[in-house]
Amino acid sequence: MTHVEDELNSQPECWTRAVSQAAHHTTELPAPGERVAIVGCGTSYYMAQAAAALRGGETDAWPASEFPHDRPYDRVVALTRSGTTTEVLELLRRVREGRGRTRTTAVTADPSSPVTAAADAVIVLDHADELSVVQTRFATTALTLLRAHLGLHPDTAIPDARTALAEPLPQGLVECGQFTFLGRGWTVGLASEAALKMREASLSWTEAYPAMEYRHGPISVSTAGTATWMFGQAPEGLARQVRGTGALWVGGELDPLAELVRAQRLAVAVAAARGLDPDRPRHLTRSVILTP
């Protein structure tokens, strides 16, 4: 079993711990009425997108490298598995130097990493740390923490994750040559993350869109041998239109975060079918550290 497989299989247990942990970090996480930015890089950025959409109100998600330092926030929440990502550390340094009233919170897997000194508060999810380059359980555990903090973690999420791990993938899905992931609201970030997992682990041709935007052009790539996967409730009539192209339609029947677990499994399965090692994704490292 690869590191990725081992780690993605442990997600129900990690989520259970995160739900309990959320109750102990109410002061470190966004309070009602705060203007909040949630930031990250790669997978963490897509989790930030999902969390920002769930929170609503004055909440933005930014790639750490694109953070608008001229925009006022009450709190910045940085998601960083390693705690060493260059863009995140630089962002937190600039916020500390430039905005004395902006609080910063880092959510990380490593309590000994540099981010613990860079942020005002730190939440450690060391039980969700990973050996793999490709993120799975840390990302979903961090989002579970934030969902629970917002009171939006449903009782069905963890049982659905176990179902996602136990049930076979839809017939014919692994053999597809192109994959499109769709979302609505907070699940747009999950769709983007599913596409990233497929690219990283299996070098697949993947795309991700808000569900209705997919109908405005991207549906033209759908045909026999492609797959379109919906995270959450699909717009009326979209499944019928996709099936009409000859593509395989995968409806999101489980909790959307559990659907992401299924997509992680797909990435590993496609990698295996293509003779690839998902623990050694091409051109990637576990943390992006930029040096002069």
# chains A, B, ... in the order shown; residues from 1 in each chain; ligands from 1
>>> closest_atom_pairs(of="range 126-214 of chain A", to="range 220-241 of chain A", cutoff="6 Å", atoms="only C-alpha atoms", output="Markdown table")
| residue | atom | partner | partner_atom | distance |
| --- | --- | --- | --- | --- |
| A:Cys176 | CA | A:Gly225 | CA | 4.8 |
| A:Gly177 | CA | A:Thr226 | CA | 5.7 |
| A:Gln178 | CA | A:Thr226 | CA | 4.8 |
| A:Phe179 | CA | A:Ala227 | CA | 4.9 |
| A:Thr180 | CA | A:Thr228 | CA | 4.7 |
| A:Phe181 | CA | A:Trp229 | CA | 4.8 |
| A:Leu182 | CA | A:Met230 | CA | 4.8 |
| A:Gly183 | CA | A:Phe231 | CA | 5.0 |
>>> select_by_dssp(residues="range 33-240 of chain A", states="strand (DSSP E)", output="ChimeraX atom specification")
/A:36-40,59-63,75-80,103-108,121-124,178-183,205-210,226-230
>>> write_last_selection(atoms="C-alpha atoms", output="mmCIF file, in the first residue's frame")
data_model
loop_
_atom_site.group_PDB
_atom_site.id
_atom_site.type_symbol
_atom_site.label_atom_id
_atom_site.label_comp_id
_atom_site.auth_asym_id
_atom_site.auth_seq_id
_atom_site.Cartn_x
_atom_site.Cartn_y
_atom_site.Cartn_z
ATOM 1 C CA VAL A 36 -11.536 37.133 7.609
ATOM 2 C CA ALA A 37 -9.082 35.966 4.955
ATOM 3 C CA ILE A 38 -8.283 32.257 4.683
ATOM 4 C CA VAL A 39 -5.083 31.537 2.757
ATOM 5 C CA GLY A 40 -3.065 28.590 1.539
ATOM 6 C CA THR A 59 -14.720 36.097 4.195
ATOM 7 C CA ASP A 60 -12.211 35.814 1.360
ATOM 8 C CA ALA A 61 -9.929 33.019 0.178
ATOM 9 C CA TRP A 62 -6.529 33.814 -1.342
ATOM 10 C CA PRO A 63 -3.505 31.944 -2.609
ATOM 11 C CA ARG A 75 -8.062 37.828 11.124
ATOM 12 C CA VAL A 76 -5.975 35.822 8.670
ATOM 13 C CA VAL A 77 -6.183 32.021 8.859
ATOM 14 C CA ALA A 78 -3.315 30.215 7.101
ATOM 15 C CA LEU A 79 -3.610 26.540 6.178
ATOM 16 C CA THR A 80 -0.196 24.900 5.783
ATOM 17 C CA ARG A 103 -4.717 38.524 14.242
ATOM 18 C CA THR A 104 -3.194 35.513 12.503
ATOM 19 C CA THR A 105 -3.905 31.821 13.037
ATOM 20 C CA ALA A 106 -2.009 28.961 11.413
ATOM 21 C CA VAL A 107 -3.447 25.468 11.022
ATOM 22 C CA THR A 108 -0.570 23.041 10.509
ATOM 23 C CA ALA A 121 -1.993 31.408 17.287
ATOM 24 C CA VAL A 122 -1.423 27.874 16.034
ATOM 25 C CA ILE A 123 -3.732 24.869 15.773
ATOM 26 C CA VAL A 124 -1.821 21.612 15.326
ATOM 27 C CA GLN A 178 -10.568 12.972 -19.222
ATOM 28 C CA PHE A 179 -12.218 14.033 -15.964
ATOM 29 C CA THR A 180 -14.262 17.145 -15.168
ATOM 30 C CA PHE A 181 -15.259 17.998 -11.601
ATOM 31 C CA LEU A 182 -18.114 20.380 -10.830
ATOM 32 C CA GLY A 183 -19.232 22.181 -7.693
ATOM 33 C CA TRP A 205 -6.328 15.547 -18.072
ATOM 34 C CA THR A 206 -8.671 17.130 -15.555
ATOM 35 C CA GLU A 207 -10.707 20.305 -15.277
ATOM 36 C CA ALA A 208 -12.931 21.875 -12.624
ATOM 37 C CA TYR A 209 -15.720 24.440 -12.884
ATOM 38 C CA PRO A 210 -18.714 25.882 -11.076
ATOM 39 C CA THR A 226 -14.819 11.216 -20.496
ATOM 40 C CA ALA A 227 -16.330 11.604 -17.031
ATOM 41 C CA THR A 228 -18.138 14.470 -15.304
ATOM 42 C CA TRP A 229 -18.365 14.297 -11.506
ATOM 43 C CA MET A 230 -20.669 16.537 -9.480
#
>>> residues_around(residues="Leu89 in chain A", least_positions_apart="4", cutoff="7 Å", atoms="only C-alpha atoms", output="ChimeraX atom specification")
/A:84-85,93,115,118
>>> write_last_selection(atoms="N, CA, C and O atoms", output="compact mmCIF listing (two decimals), in the first residue's frame")
# COMPACT_ATOMS: atom_id res chain seq x y z
N THR A 84 6.18 25.21 6.43
CA THR A 84 7.44 25.74 5.89
C THR A 84 7.28 26.42 4.54
O THR A 84 8.26 26.89 3.97
N THR A 85 6.07 26.47 4.00
CA THR A 85 5.85 27.02 2.67
C THR A 85 6.25 28.49 2.62
O THR A 85 5.78 29.31 3.43
N ARG A 93 4.62 37.15 7.93
CA ARG A 93 5.62 38.15 8.36
C ARG A 93 5.15 39.56 8.01
O ARG A 93 5.20 40.47 8.83
N VAL A 115 6.17 28.07 11.05
CA VAL A 115 4.91 28.81 11.11
C VAL A 115 4.44 29.01 12.54
O VAL A 115 3.68 29.95 12.82
N ALA A 118 5.61 32.28 13.43
CA ALA A 118 5.19 33.35 12.53
C ALA A 118 3.76 33.81 12.78
O ALA A 118 3.42 34.96 12.47
>>> residues_around(residues="Ala157 in chain A", least_positions_apart="3", cutoff="10 Å", atoms="only C-alpha atoms", output="number ranges by chain")
A: 12, 15-16, 144, 153-154, 160-163, 254-259
>>> closest_atom_pairs(of="range 156-249 of chain A", to="range 265-277 of chain A", cutoff="8 Å", atoms="only C-alpha atoms", output="Markdown table")
| residue | atom | partner | partner_atom | distance |
| --- | --- | --- | --- | --- |
| A:Leu165 | CA | A:Arg265 | CA | 7.7 |
| A:Leu169 | CA | A:Leu266 | CA | 7.3 |
| A:Val174 | CA | A:Val270 | CA | 5.5 |
| A:Glu175 | CA | A:Val270 | CA | 7.6 |
| A:Lys197 | CA | A:Ala267 | CA | 6.2 |
| A:Met198 | CA | A:Ala267 | CA | 4.8 |
| A:Ala201 | CA | A:Ala267 | CA | 5.8 |
| A:Ser202 | CA | A:Ala271 | CA | 4.3 |
| A:Leu203 | CA | A:Ala271 | CA | 7.7 |
